[in-house]
file work38.txt (compact mmCIF, C-alpha atoms)
# COMPACT_ATOMS: atom_id res chain seq x y z
CA MET D 1172 -3.32 -28.32 -6.80
CA GLU D 1173 -5.20 -27.55 -3.57
CA PRO D 1174 -5.09 -23.80 -2.77
CA LEU D 1175 -3.10 -22.96 0.37
CA TYR D 1176 -4.59 -21.06 3.29
CA ASP D 1177 -1.12 -20.17 4.56
CA TYR D 1178 2.57 -20.85 3.82
CA SER D 1179 3.49 -23.04 6.78
CA GLY D 1180 4.63 -25.88 4.51
CA ASP D 1181 7.89 -26.41 2.68
CA PHE D 1182 9.67 -23.71 0.72
CA ASP D 1183 8.28 -23.47 -2.80
CA PRO D 1184 10.61 -21.63 -5.22
CA SER D 1185 7.62 -20.62 -7.32
CA PHE D 1186 5.35 -19.52 -4.47
CA ASP D 1187 3.14 -16.53 -5.12
CA HIS D 1188 -0.17 -15.25 -3.76
CA GLY D 1189 -1.96 -16.96 -6.65
CA LYS D 1190 -1.45 -20.26 -4.80
CA LEU D 1191 -3.53 -19.07 -1.84
CA SER D 1192 -7.17 -19.87 -1.19
CA LYS D 1193 -9.86 -17.21 -1.55
CA ASP D 1194 -10.00 -16.81 2.24
CA GLY D 1195 -6.24 -16.32 2.31
CA LEU D 1196 -6.49 -13.61 -0.37
CA VAL D 1197 -9.24 -11.75 1.49
CA ASP D 1198 -7.14 -11.80 4.68
CA LEU D 1199 -4.16 -10.45 2.75
CA LEU D 1200 -6.20 -7.59 1.31
CA HIS D 1201 -7.50 -6.70 4.73
CA THR D 1202 -4.04 -6.64 6.28
CA TYR D 1203 -2.43 -4.69 3.46
CA SER D 1204 -5.07 -2.01 3.73
CA ASP D 1205 -3.69 -1.13 7.15
CA TYR D 1206 -0.17 -1.36 5.75
CA ILE D 1207 -0.95 1.39 3.19
CA ARG D 1208 -2.43 3.65 5.88
CA ARG D 1209 0.54 3.17 8.19
CA LEU D 1210 3.11 3.81 5.46
CA ASP D 1211 1.39 7.05 4.45
CA GLY D 1212 1.17 8.18 8.08
CA HIS D 1213 4.83 7.39 8.73
CA TRP D 1214 5.90 9.48 5.76
CA TYR D 1215 3.83 12.43 6.99
CA LEU D 1216 5.22 12.29 10.52
CA SER D 1217 8.78 11.74 9.41
CA VAL D 1218 8.68 14.84 7.18
CA MET D 1219 6.78 16.87 9.80
CA ASN D 1220 9.42 16.08 12.43
CA ARG D 1221 12.20 17.32 10.15
CA CYS D 1222 10.69 20.11 8.07
CA GLY D 1223 7.53 21.16 9.92
CA ASP D 1224 3.83 20.61 9.38
CA ASP D 1225 3.48 23.04 6.48
CA ALA D 1226 6.02 21.14 4.38
CA ALA D 1227 4.53 17.76 5.36
CA PHE D 1228 1.02 18.91 4.50
CA ALA D 1229 2.17 20.36 1.17
CA CYS D 1230 3.79 17.02 0.27
CA ASP D 1231 0.75 15.05 1.48
CA THR D 1232 -1.57 17.16 -0.65
CA GLU D 1233 0.55 16.71 -3.77
CA VAL D 1234 0.95 12.98 -3.17
CA TRP D 1235 -2.79 12.42 -2.80
CA GLU D 1236 -3.91 14.73 -5.57
CA ARG D 1237 -1.87 12.51 -7.81
CA LEU D 1238 -2.55 9.11 -6.26
CA VAL D 1239 -6.31 9.48 -5.98
CA LEU D 1240 -6.55 9.69 -9.75
CA TYR D 1241 -4.46 6.56 -10.10
CA GLU D 1242 -6.69 4.87 -7.52
CA MET D 1243 -9.87 5.87 -9.40
CA LYS D 1244 -8.51 4.78 -12.75
CA THR D 1245 -7.24 1.47 -11.42
CA ALA D 1246 -10.43 0.61 -9.52
CA SER D 1247 -12.57 1.53 -12.51
CA GLU D 1248 -10.53 -0.59 -14.89
CA LEU D 1249 -9.99 -3.56 -12.60
CA LEU D 1250 -13.61 -3.90 -11.56
CA ASN D 1251 -15.28 -2.29 -14.56
CA ILE D 1252 -16.91 0.51 -12.58
CA LYS D 1253 -18.24 2.99 -15.12
CA GLY D 1254 -20.76 5.81 -15.16
CA ASP D 1255 -21.18 9.53 -14.61
CA ASP D 1256 -23.31 9.32 -11.50
CA ALA D 1257 -23.14 8.91 -7.73
CA VAL D 1258 -23.52 5.14 -8.10
CA ALA D 1259 -20.01 4.91 -9.56
CA VAL D 1260 -18.61 6.95 -6.64
CA ALA D 1261 -20.44 4.76 -4.10
CA LYS D 1262 -19.03 1.63 -5.70
CA VAL D 1263 -15.49 2.95 -5.90
CA PHE D 1264 -15.60 3.82 -2.18
CA GLN D 1265 -16.49 0.20 -1.44
CA VAL D 1266 -13.59 -1.25 -3.42
CA SER D 1267 -10.93 1.27 -2.35
CA PRO D 1268 -7.73 -0.21 -0.85
CA TRP D 1269 -8.53 1.94 2.20
CA PHE D 1270 -12.10 0.82 2.72
CA TRP D 1271 -11.24 -1.93 5.22
CA MET D 1272 -9.87 0.60 7.66
CA TYR D 1273 -13.04 2.62 8.07
CA LYS D 1274 -16.58 2.04 9.16
CA CYS D 1275 -18.84 3.83 6.72
CA ASP D 1276 -22.52 4.00 5.98
CA ILE D 1277 -23.09 4.41 2.26
CA ASP D 1278 -26.55 5.76 1.68
CA LEU D 1279 -27.36 5.90 -2.02
CA LYS D 1280 -30.52 8.03 -2.08
CA SER D 1281 -30.82 7.92 -5.85
CA ARG D 1282 -28.63 7.46 -8.89
CA ASP D 1283 -27.43 11.05 -8.49
CA HIS D 1284 -27.38 11.50 -4.76
CA LEU D 1285 -25.08 9.81 -2.28
CA ILE D 1286 -24.44 10.41 1.41
CA ILE D 1287 -21.46 8.75 3.02
CA THR D 1288 -21.00 8.76 6.80
CA TYR D 1289 -17.75 7.71 8.47
CA THR D 1290 -18.55 6.32 11.90
CA SER D 1291 -15.04 5.08 12.67
CA CYS D 1292 -11.79 6.48 11.26
CA PRO D 1293 -8.33 5.44 12.54
CA THR D 1294 -6.76 8.56 11.02
CA LEU D 1295 -9.07 10.89 12.96
CA ALA D 1296 -8.57 8.82 16.11
CA ALA D 1297 -4.78 9.22 15.75
CA LEU D 1298 -5.09 12.97 15.12
CA GLU D 1299 -7.36 13.44 18.14
CA LYS D 1300 -4.88 11.51 20.28
CA GLU D 1301 -2.00 13.64 18.96
CA GLY D 1302 -3.94 16.76 20.03
CA LEU D 1303 -2.33 19.26 17.65
CA GLY D 1304 -5.55 20.06 15.82
CA ARG D 1305 -4.25 18.70 12.52
CA GLU D 1306 -7.71 17.30 11.73
CA LYS D 1307 -8.62 20.75 10.39
CA GLN D 1308 -6.10 20.33 7.57
CA ILE D 1309 -6.38 16.60 6.99
CA CYS D 1310 -10.11 16.04 7.37
CA VAL D 1311 -11.40 19.36 6.12
CA ASP D 1312 -8.97 20.78 3.55
CA LEU D 1313 -7.29 17.67 2.14
CA GLU D 1314 -10.26 15.32 2.30
CA MET D 1315 -12.41 17.84 0.43
CA LYS D 1316 -9.81 18.05 -2.34
CA ILE D 1317 -9.61 14.26 -2.57
CA PHE D 1318 -13.38 13.77 -2.64
CA MET D 1319 -13.73 16.49 -5.29
CA LYS D 1320 -11.20 14.68 -7.45
CA MET D 1321 -13.07 11.41 -6.96
CA ALA D 1322 -16.37 12.99 -7.90
CA HIS D 1323 -14.97 14.84 -10.90
CA PHE D 1324 -13.27 11.70 -12.19
CA TYR D 1325 -16.76 10.42 -12.96
CA ASN D 1326 -18.59 13.69 -13.59
CA PRO D 1327 -17.07 17.21 -13.60
CA ASP D 1328 -20.47 18.61 -12.60
CA MET D 1329 -20.82 16.48 -9.47
CA LYS D 1330 -20.99 18.60 -6.32
CA VAL D 1331 -19.37 17.60 -3.03
CA THR D 1332 -20.63 19.04 0.25
CA ALA D 1333 -19.29 18.38 3.72
CA LEU D 1334 -22.37 17.85 5.93
CA LYS D 1335 -20.45 17.18 9.15
CA LEU D 1336 -16.75 17.56 9.91
CA PRO D 1337 -14.44 17.20 12.91
CA PRO D 1338 -14.05 18.20 15.67
CA ARG D 1339 -16.37 15.62 17.18
CA SER D 1340 -18.48 16.26 20.25
CA GLY D 1341 -17.16 13.00 21.72
CA PRO D 1342 -16.08 9.46 20.80
CA ASP D 1343 -19.68 8.42 20.07
CA ASP D 1344 -20.12 11.18 17.51
CA ILE D 1345 -19.70 10.37 13.82
CA CYS D 1346 -16.35 11.30 12.25
CA CYS D 1347 -17.63 13.05 9.14
CA ARG D 1348 -20.43 13.01 6.59
CA TRP D 1349 -20.29 13.94 2.90
CA GLU D 1350 -22.82 14.45 0.17
CA PHE D 1351 -22.19 13.78 -3.53
CA LYS D 1352 -24.84 15.15 -5.86
CA VAL D 1353 -25.41 15.61 -9.58
CA GLU D 1354 -28.10 18.09 -10.64
CA ARG D 1355 -29.47 17.11 -14.05
CA MET S 640 -24.25 -17.11 -4.53
CA GLU S 641 -22.27 -16.66 -7.71
CA LEU S 642 -18.96 -14.88 -7.21
CA LEU S 643 -18.44 -11.62 -9.09
CA SER S 644 -15.63 -11.22 -11.60
CA ASP S 645 -16.04 -7.44 -11.40
CA TYR S 646 -18.40 -4.80 -9.98
CA SER S 647 -20.12 -3.63 -13.16
CA GLY S 648 -23.56 -4.63 -11.90
CA ALA S 649 -25.96 -2.75 -9.67
CA PHE S 650 -24.81 -1.05 -6.47
CA ASP S 651 -24.85 -3.51 -3.59
CA PRO S 652 -25.11 -1.82 -0.16
CA ASP S 653 -23.65 -4.97 1.38
CA PHE S 654 -20.77 -5.30 -1.05
CA SER S 655 -17.64 -6.87 0.37
CA HIS S 656 -14.53 -8.34 -1.21
CA GLU S 657 -15.73 -11.80 -0.17
CA LYS S 658 -18.26 -11.50 -2.99
CA LEU S 659 -15.51 -11.32 -5.60
CA SER S 660 -13.95 -14.30 -7.37
CA ARG S 661 -10.39 -15.44 -6.64
CA GLU S 662 -9.29 -14.02 -9.98
CA ALA S 663 -10.74 -10.59 -9.17
CA LEU S 664 -9.12 -10.64 -5.72
CA LEU S 665 -5.76 -11.49 -7.26
CA ARG S 666 -6.08 -8.59 -9.71
CA ILE S 667 -6.76 -6.25 -6.79
CA LEU S 668 -3.87 -7.59 -4.73
CA LYS S 669 -1.51 -7.12 -7.62
CA SER S 670 -2.77 -3.61 -8.19
CA ASN S 671 -2.47 -2.74 -4.47
CA SER S 672 1.13 -3.84 -4.58
CA ASP S 673 1.83 -1.31 -7.33
CA TYR S 674 -0.22 1.28 -5.43
CA LEU S 675 2.04 0.80 -2.42
CA ARG S 676 5.18 1.26 -4.53
CA ARG S 677 3.74 4.41 -6.07
CA LEU S 678 2.68 5.78 -2.69
CA ASP S 679 6.16 5.31 -1.24
CA GLY S 680 7.92 6.58 -4.36
CA THR S 681 5.67 9.63 -4.75
CA TRP S 682 6.25 10.62 -1.13
CA TYR S 683 10.02 10.34 -1.65
CA VAL S 684 10.02 12.46 -4.79
CA LYS S 685 7.72 15.14 -3.32
CA VAL S 686 9.88 15.47 -0.20
CA MET S 687 13.01 15.53 -2.37
CA ASP S 688 11.52 18.34 -4.48
CA LYS S 689 10.59 20.43 -1.43
CA CYS S 690 13.25 19.61 1.17
CA GLY S 691 16.13 18.07 -0.80
CA ASN S 692 17.40 14.54 -1.33
CA ASP S 693 19.24 14.30 1.99
CA ILE S 694 16.04 14.88 3.97
CA ALA S 695 14.03 12.57 1.71
CA PHE S 696 16.60 9.80 2.14
CA GLU S 697 16.70 10.33 5.91
CA CYS S 698 12.90 10.00 6.08
CA ASP S 699 12.90 6.97 3.78
CA SER S 700 15.56 5.23 5.87
CA GLU S 701 13.84 6.01 9.17
CA ILE S 702 10.48 4.79 7.91
CA TRP S 703 11.72 1.55 6.39
CA GLU S 704 14.05 0.67 9.24
CA GLN S 705 10.92 0.61 11.43
CA PHE S 706 8.55 -0.72 8.82
CA ILE S 707 10.58 -3.75 7.79
CA PHE S 708 9.84 -5.44 11.13
CA TYR S 709 6.12 -4.71 10.82
CA GLU S 710 6.18 -6.07 7.26
CA LEU S 711 7.95 -9.30 8.23
CA LYS S 712 5.82 -9.85 11.32
CA THR S 713 2.65 -9.28 9.31
CA ALA S 714 3.71 -11.69 6.55
CA CYS S 715 4.79 -14.37 9.04
CA ASP S 716 1.66 -14.07 11.19
CA LEU S 717 -0.65 -14.03 8.20
CA MET S 718 1.03 -16.96 6.46
CA ASN S 719 1.99 -18.92 9.57
CA ILE S 720 5.67 -18.85 8.62
CA ARG S 721 7.81 -19.98 11.56
CA GLY S 722 11.51 -20.69 12.06
CA ASN S 723 14.91 -19.02 12.33
CA ASP S 724 16.80 -20.24 9.30
CA VAL S 725 17.37 -18.95 5.76
CA GLU S 726 14.48 -21.05 4.44
CA THR S 727 12.09 -19.17 6.76
CA LEU S 728 13.55 -15.82 5.70
CA MET S 729 13.08 -16.65 2.02
CA LYS S 730 9.50 -17.80 2.55
CA ALA S 731 8.68 -14.54 4.33
CA MET S 732 10.24 -12.46 1.56
CA GLN S 733 8.23 -14.37 -1.02
CA ALA S 734 5.02 -13.66 0.91
CA THR S 735 5.21 -9.88 1.33
CA GLN S 736 3.04 -7.64 -0.83
CA TRP S 737 6.09 -6.55 -2.81
CA MET S 738 6.15 -9.94 -4.53
CA TRP S 739 4.00 -8.67 -7.39
CA ILE S 740 6.31 -5.80 -8.25
CA HIS S 741 9.65 -7.52 -8.47
CA ASP S 742 10.71 -10.20 -10.88
CA ARG S 743 12.80 -12.22 -8.42
CA THR S 744 14.11 -15.76 -8.12
CA PHE S 745 14.70 -17.50 -4.82
CA GLU S 746 17.34 -20.21 -4.84
CA LEU S 747 17.44 -22.21 -1.64
CA ILE S 748 20.70 -24.14 -1.71
CA ASN S 749 19.96 -25.65 1.69
CA LYS S 750 17.91 -24.48 4.66
CA ASN S 751 20.80 -22.31 5.84
CA HIS S 752 21.92 -20.88 2.54
CA GLY S 753 19.95 -19.02 -0.11
CA ILE S 754 20.43 -16.58 -2.97
CA ILE S 755 17.87 -14.01 -4.10
CA THR S 756 18.20 -12.49 -7.56
CA TYR S 757 16.24 -9.41 -8.64
CA ARG S 758 15.91 -9.51 -12.40
CA ASN S 759 13.65 -6.55 -13.16
CA CYS S 760 13.36 -4.00 -10.37
CA GLN S 761 10.92 -1.19 -11.13
CA THR S 762 12.56 1.06 -8.55
CA LEU S 763 16.00 0.65 -10.16
CA PHE S 764 14.52 1.25 -13.63
CA HIS S 765 12.97 4.48 -12.36
CA LEU S 766 16.25 5.57 -10.75
CA GLU S 767 18.19 4.78 -13.92
CA LYS S 768 15.72 6.84 -15.93
CA GLU S 769 16.00 9.71 -13.44
CA GLY S 770 19.76 9.64 -14.01
CA THR S 771 20.87 11.27 -10.75
CA GLY S 772 22.68 8.20 -9.43
CA ARG S 773 20.31 7.77 -6.50
CA TRP S 774 20.70 4.00 -6.80
CA ALA S 775 23.94 4.45 -4.88
CA THR S 776 21.99 5.35 -1.74
CA ILE S 777 18.75 3.42 -2.33
CA CYS S 778 20.28 0.11 -3.48
CA HIS S 779 23.72 0.13 -1.86
CA VAL S 780 22.85 1.71 1.49
CA LEU S 781 19.14 1.43 2.27
CA GLU S 782 18.39 -1.90 0.58
CA ARG S 783 21.46 -3.45 2.15
CA ARG S 784 20.43 -2.14 5.55
CA LEU S 785 16.91 -3.52 5.11
CA PHE S 786 18.19 -6.95 4.10
CA GLU S 787 20.53 -6.92 7.12
CA LEU S 788 17.56 -6.11 9.35
CA THR S 789 15.55 -8.86 7.65
CA ALA S 790 18.31 -11.36 8.40
CA LYS S 791 18.54 -10.11 11.99
CA TYR S 792 14.76 -10.45 12.44
CA PHE S 793 14.98 -14.20 11.83
CA ASN S 794 18.41 -14.93 13.23
CA PRO S 795 21.22 -12.49 14.12
CA LYS S 796 23.69 -15.15 12.92
CA ILE S 797 22.44 -14.98 9.33
CA LYS S 798 25.07 -13.14 7.26
CA LEU S 799 24.20 -11.05 4.23
CA THR S 800 26.52 -10.67 1.25
CA PRO S 801 25.64 -8.58 -1.80
CA LEU S 802 26.82 -10.61 -4.80
CA LYS S 803 25.83 -8.05 -7.43
CA LEU S 804 24.70 -4.43 -7.10
CA PRO S 805 23.84 -1.61 -9.52
CA PRO S 806 24.94 -0.06 -11.79
CA ARG S 807 23.99 -2.63 -14.40
CA ASP S 808 26.24 -3.34 -17.38
CA ASP S 809 23.29 -2.99 -19.74
CA GLY S 810 19.53 -3.40 -19.89
CA SER S 811 19.72 -7.19 -19.94
CA ASP S 812 21.78 -7.41 -16.75
CA ILE S 813 20.18 -8.49 -13.44
CA SER S 814 19.29 -5.69 -10.99
CA CYS S 815 20.95 -7.14 -7.90
CA GLN S 816 21.75 -10.41 -6.16
CA TRP S 817 22.02 -11.17 -2.45
CA GLU S 818 23.27 -14.16 -0.48
CA PHE S 819 21.94 -15.11 2.96
CA LYS S 820 23.96 -17.64 4.91
CA LEU S 821 23.62 -19.03 8.41
CA GLU S 822 26.85 -20.41 9.76
CA GLU S 823 26.28 -22.41 12.94

call {"tool": "encode", "arguments": {"input": "work38.txt", "output": "structure tokens"}}
result
Amino acid sequence: MEPLYDYSGDFDPSFDHGKLSKDGLVDLLHTYSDYIRRLDGHWYLSVMNRCGDDAAFACDTEVWERLVLYEMKTASELLNIKGDDAVAVAKVFQVSPWFWMYKCDIDLKSRDHLIITYTSCPTLAALEKEGLGREKQICVDLEMKIFMKMAHFYNPDMKVTALKLPPRSGPDDICCRWEFKVER
Amino acid sequence: MELLSDYSGAFDPDFSHEKLSREALLRILKSNSDYLRRLDGTWYVKVMDKCGNDIAFECDSEIWEQFIFYELKTACDLMNIRGNDVETLMKAMQATQWMWIHDRTFELINKNHGIITYRNCQTLFHLEKEGTGRWATICHVLERRLFELTAKYFNPKIKLTPLKLPPRDDGSDISCQWEFKLEE
């Protein structure tokens, strides 16, 4: 059967995404990446509006400390990404469900040394627009914890260093830059 | 270029999902669907632990009452699903990213009358295991509200009737069953 690009035809009781063409699947992945980001952001704001930022941030931290491990494990198993080096981390960044939402430069200097630069980040853009200074918590405190968990999933000795963090000097500035390094 | 079935090979600075095979993309889509369910569920449970079930349910309801329209619009735009009858509604529900999580059957009796049966619902299984009776709010109140909003999105004249709701008689029972009917 010819793969479908969309579902404009008749109702098919057994329709599933497996009937779509490769282009259709890539488009779905792209769209659902934004869906994940929005859902997470809505939860944060909804809790913050009711219980305050401290409670929302505490929940956010616990949610992501747990989910990042699931994300690492799933990506590694699904796409057979193995290793104890910065290469594995670089690859897992590229396949993350979130990757579509950001513009990143992934500079793999060597097997054990990676620098990742975010040049566009919708989360930071939203936080800057909100103007409450929440980027200190989200981009500095939480992101460091998440990146440490990612690094340590592959190698407990991998070091994570923030080379550049918000606030930005202006919209043309990069969002953040991180170094992952294993000393052998 | 040969399509990749996984990402076990060398780091590719220009990696994109377009380089993966259809089978690999489908595995990722399926996994992202579960990721989404876990993200939503983990947020609920963390908020419940910190702020209580009433607050968690309020947040959940607020989020999904907004999000359902985004979800349906996204699915319809992406899949070019157009119309204002029950057939259109059922096609859209088949096409959302939740399709991988639920074991559901869609019975379209005619274009204005359809029945959706959830056979194995992971959310209900989790709630049954938790044993606090939260299915009474999640399935009876929120899910009903979301299906009403789904019907309204396509045609305010589409009527929703729950034919079967939790609790289940036993483990072999269906999870729930809903009828959508457009009377013109």

call {"tool": "residues_around", "arguments": {"input": "work38.txt", "residues": "segment 757-766 of chain S", "least_positions_apart": "3", "cutoff": "9 Å", "atoms": "all atoms listed in the file", "output": "MDAnalysis selection string"}}
result
chainID S and resid 676 680 740:744 769:774 777:778 805 811:817

call {"tool": "write_last_selection", "arguments": {"input": "work38.txt", "atoms": "C-alpha atoms", "output": "PDB file, in the coordinates of the input"}}
result
ATOM      1  CA  ARG S 676       5.180   1.260  -4.530  1.00  0.00           C
ATOM      2  CA  GLY S 680       7.920   6.580  -4.360  1.00  0.00           C
ATOM      3  CA  ILE S 740       6.310  -5.800  -8.250  1.00  0.00           C
ATOM      4  CA  HIS S 741       9.650  -7.520  -8.470  1.00  0.00           C
ATOM      5  CA  ASP S 742      10.710 -10.200 -10.880  1.00  0.00           C
ATOM      6  CA  ARG S 743      12.800 -12.220  -8.420  1.00  0.00           C
ATOM      7  CA  THR S 744      14.110 -15.760  -8.120  1.00  0.00           C
ATOM      8  CA  GLU S 769      16.000   9.710 -13.440  1.00  0.00           C
ATOM      9  CA  GLY S 770      19.760   9.640 -14.010  1.00  0.00           C
ATOM     10  CA  THR S 771      20.870  11.270 -10.750  1.00  0.00           C
ATOM     11  CA  GLY S 772      22.680   8.200  -9.430  1.00  0.00           C
ATOM     12  CA  ARG S 773      20.310   7.770  -6.500  1.00  0.00           C
ATOM     13  CA  TRP S 774      20.700   4.000  -6.800  1.00  0.00           C
ATOM     14  CA  ILE S 777      18.750   3.420  -2.330  1.00  0.00           C
ATOM     15  CA  CYS S 778      20.280   0.110  -3.480  1.00  0.00           C
ATOM     16  CA  PRO S 805      23.840  -1.610  -9.520  1.00  0.00           C
ATOM     17  CA  SER S 811      19.720  -7.190 -19.940  1.00  0.00           C
ATOM     18  CA  ASP S 812      21.780  -7.410 -16.750  1.00  0.00           C
ATOM     19  CA  ILE S 813      20.180  -8.490 -13.440  1.00  0.00           C
ATOM     20  CA  SER S 814      19.290  -5.690 -10.990  1.00  0.00           C
ATOM     21  CA  CYS S 815      20.950  -7.140  -7.900  1.00  0.00           C
ATOM     22  CA  GLN S 816      21.750 -10.410  -6.160  1.00  0.00           C
ATOM     23  CA  TRP S 817      22.020 -11.170  -2.450  1.00  0.00           C
TER      24      TRP S 817
END

call {"tool": "residues_near_point", "arguments": {"input": "work38.txt", "point": "(-21.6, -6.2, -1.0)", "cutoff": "12 Å", "atoms": "all atoms listed in the file", "output": "ChimeraX atom specification"}}
result
/D:1261-1262,1264-1266,1277 /S:640,642-643,645-646,648-659

call {"tool": "residues_around", "arguments": {"input": "work38.txt", "residues": "Glu701 of chain S", "least_positions_apart": "5", "cutoff": "12 Å", "atoms": "only C-alpha atoms", "output": "number ranges by chain"}}
result
D: 1210, 1213-1214, 1216-1218, 1220-1221; S: 694-696, 706-707, 781, 784-785

call {"tool": "write_last_selection", "arguments": {"input": "work38.txt", "atoms": "C-alpha atoms", "output": "short mmCIF file (atom, residue, chain, number, x, y, z; two decimals), in the frame of the given file"}}
result
data_model
loop_
_atom_site.label_atom_id
_atom_site.label_comp_id
_atom_site.auth_asym_id
_atom_site.auth_seq_id
_atom_site.Cartn_x
_atom_site.Cartn_y
_atom_site.Cartn_z
CA LEU D 1210 3.11 3.81 5.46
CA HIS D 1213 4.83 7.39 8.73
CA TRP D 1214 5.90 9.48 5.76
CA LEU D 1216 5.22 12.29 10.52
CA SER D 1217 8.78 11.74 9.41
CA VAL D 1218 8.68 14.84 7.18
CA ASN D 1220 9.42 16.08 12.43
CA ARG D 1221 12.20 17.32 10.15
CA ILE S 694 16.04 14.88 3.97
CA ALA S 695 14.03 12.57 1.71
CA PHE S 696 16.60 9.80 2.14
CA PHE S 706 8.55 -0.72 8.82
CA ILE S 707 10.58 -3.75 7.79
CA LEU S 781 19.14 1.43 2.27
CA ARG S 784 20.43 -2.14 5.55
CA LEU S 785 16.91 -3.52 5.11
#

call {"tool": "residues_near_point", "arguments": {"input": "work38.txt", "point": "(-15.6, 11.0, 21.1)", "cutoff": "12 Å", "atoms": "only C-alpha atoms", "output": "CSV table (one decimal) with C-alpha atoms, in the frame of the given file"}}
result
chain,number,residue,atom,x,y,z
D,1290,THR,CA,-18.6,6.3,11.9
D,1291,SER,CA,-15.0,5.1,12.7
D,1292,CYS,CA,-11.8,6.5,11.3
D,1295,LEU,CA,-9.1,10.9,13.0
D,1296,ALA,CA,-8.6,8.8,16.1
D,1299,GLU,CA,-7.4,13.4,18.1
D,1300,LYS,CA,-4.9,11.5,20.3
D,1337,PRO,CA,-14.4,17.2,12.9
D,1338,PRO,CA,-14.0,18.2,15.7
D,1339,ARG,CA,-16.4,15.6,17.2
D,1340,SER,CA,-18.5,16.3,20.2
D,1341,GLY,CA,-17.2,13.0,21.7
D,1342,PRO,CA,-16.1,9.5,20.8
D,1343,ASP,CA,-19.7,8.4,20.1
D,1344,ASP,CA,-20.1,11.2,17.5
D,1345,ILE,CA,-19.7,10.4,13.8
D,1346,CYS,CA,-16.4,11.3,12.2

call {"tool": "residues_around", "arguments": {"input": "work38.txt", "residues": "Tyr1203 of chain D", "least_positions_apart": "2", "cutoff": "12 Å", "atoms": "all atoms listed in the file", "output": "PyMOL selection string"}}
result
(chain D and resi 1196-1201+1205-1210+1267-1272) or (chain S and resi 667-672+674-675+709-710+713-714+717+734-737)

call {"tool": "closest_residue", "arguments": {"input": "work38.txt", "among": "D:Ser1204, D:Gly1195, D:Gly1223, D:Leu1250", "to": "chain S", "atoms": "only C-alpha atoms"}}
result
D:Leu1250

call {"tool": "closest_residue", "arguments": {"input": "work38.txt", "among": "D:Asp1211, D:Asp1255, D:Asp1328, D:Asp1225", "to": "Arg1282 of chain D", "atoms": "only C-alpha atoms"}}
result
D:Asp1255

call {"tool": "residues_around", "arguments": {"input": "work38.txt", "residues": "segment 1329-1332 of chain D", "least_positions_apart": "6", "cutoff": "6 Å", "atoms": "all atoms listed in the file", "output": "VMD selection string"}}
result
chain D and resid 1322 1349 to 1353

call {"tool": "axis_aligned_box", "arguments": {"input": "work38.txt", "around": "segment 1177-1193 of chain D", "padding_each_side": "5 Å", "output": "lines of an AutoDock Vina configuration file"}}
result
center_x = 0.4
center_y = -20.8
center_z = -0.3
size_x = 30.5
size_y = 21.2
size_z = 24.1

call {"tool": "closest_residue", "arguments": {"input": "work38.txt", "among": "D:Tyr1325, D:Tyr1241, D:Tyr1215, D:Trp1235", "to": "Gly1254 of chain D", "atoms": "all atoms listed in the file"}}
result
D:Tyr1325

call {"tool": "atom_distance", "arguments": {"input": "work38.txt", "atom1": "atom CA of Trp682 of chain S", "atom2": "atom CA of Ile1252 of chain D"}}
result
27.7 Å

call {"tool": "residues_around", "arguments": {"input": "work38.txt", "residues": "Gln733 of chain S", "least_positions_apart": "5", "cutoff": "12 Å", "atoms": "all atoms listed in the file", "output": "list in words"}}
result
Tyr1178, Phe1182, Asp1183, Pro1184, Ser1185, Phe1186, Asp1187, His1188, Gly1189 and Lys1190 of chain D; Glu710, Leu711, Ala714, Cys715, Met718, Ile720, Glu726, Thr727, Leu728, Met738, Trp739, Ile740, His741, Asp742, Arg743, Thr744, Phe745, Glu746 and Ile755 of chain S

call {"tool": "write_last_selection", "arguments": {"input": "work38.txt", "atoms": "C-alpha atoms", "output": "mmCIF file, keeping the file's coordinate frame"}}
result
data_model
loop_
_atom_site.group_PDB
_atom_site.id
_atom_site.type_symbol
_atom_site.label_atom_id
_atom_site.label_comp_id
_atom_site.auth_asym_id
_atom_site.auth_seq_id
_atom_site.Cartn_x
_atom_site.Cartn_y
_atom_site.Cartn_z
ATOM 1 C CA TYR D 1178 2.570 -20.850 3.820
ATOM 2 C CA PHE D 1182 9.670 -23.710 0.720
ATOM 3 C CA ASP D 1183 8.280 -23.470 -2.800
ATOM 4 C CA PRO D 1184 10.610 -21.630 -5.220
ATOM 5 C CA SER D 1185 7.620 -20.620 -7.320
ATOM 6 C CA PHE D 1186 5.350 -19.520 -4.470
ATOM 7 C CA ASP D 1187 3.140 -16.530 -5.120
ATOM 8 C CA HIS D 1188 -0.170 -15.250 -3.760
ATOM 9 C CA GLY D 1189 -1.960 -16.960 -6.650
ATOM 10 C CA LYS D 1190 -1.450 -20.260 -4.800
ATOM 11 C CA GLU S 710 6.180 -6.070 7.260
ATOM 12 C CA LEU S 711 7.950 -9.300 8.230
ATOM 13 C CA ALA S 714 3.710 -11.690 6.550
ATOM 14 C CA CYS S 715 4.790 -14.370 9.040
ATOM 15 C CA MET S 718 1.030 -16.960 6.460
ATOM 16 C CA ILE S 720 5.670 -18.850 8.620
ATOM 17 C CA GLU S 726 14.480 -21.050 4.440
ATOM 18 C CA THR S 727 12.090 -19.170 6.760
ATOM 19 C CA LEU S 728 13.550 -15.820 5.700
ATOM 20 C CA MET S 738 6.150 -9.940 -4.530
ATOM 21 C CA TRP S 739 4.000 -8.670 -7.390
ATOM 22 C CA ILE S 740 6.310 -5.800 -8.250
ATOM 23 C CA HIS S 741 9.650 -7.520 -8.470
ATOM 24 C CA ASP S 742 10.710 -10.200 -10.880
ATOM 25 C CA ARG S 743 12.800 -12.220 -8.420
ATOM 26 C CA THR S 744 14.110 -15.760 -8.120
ATOM 27 C CA PHE S 745 14.700 -17.500 -4.820
ATOM 28 C CA GLU S 746 17.340 -20.210 -4.840
ATOM 29 C CA ILE S 755 17.870 -14.010 -4.100
#
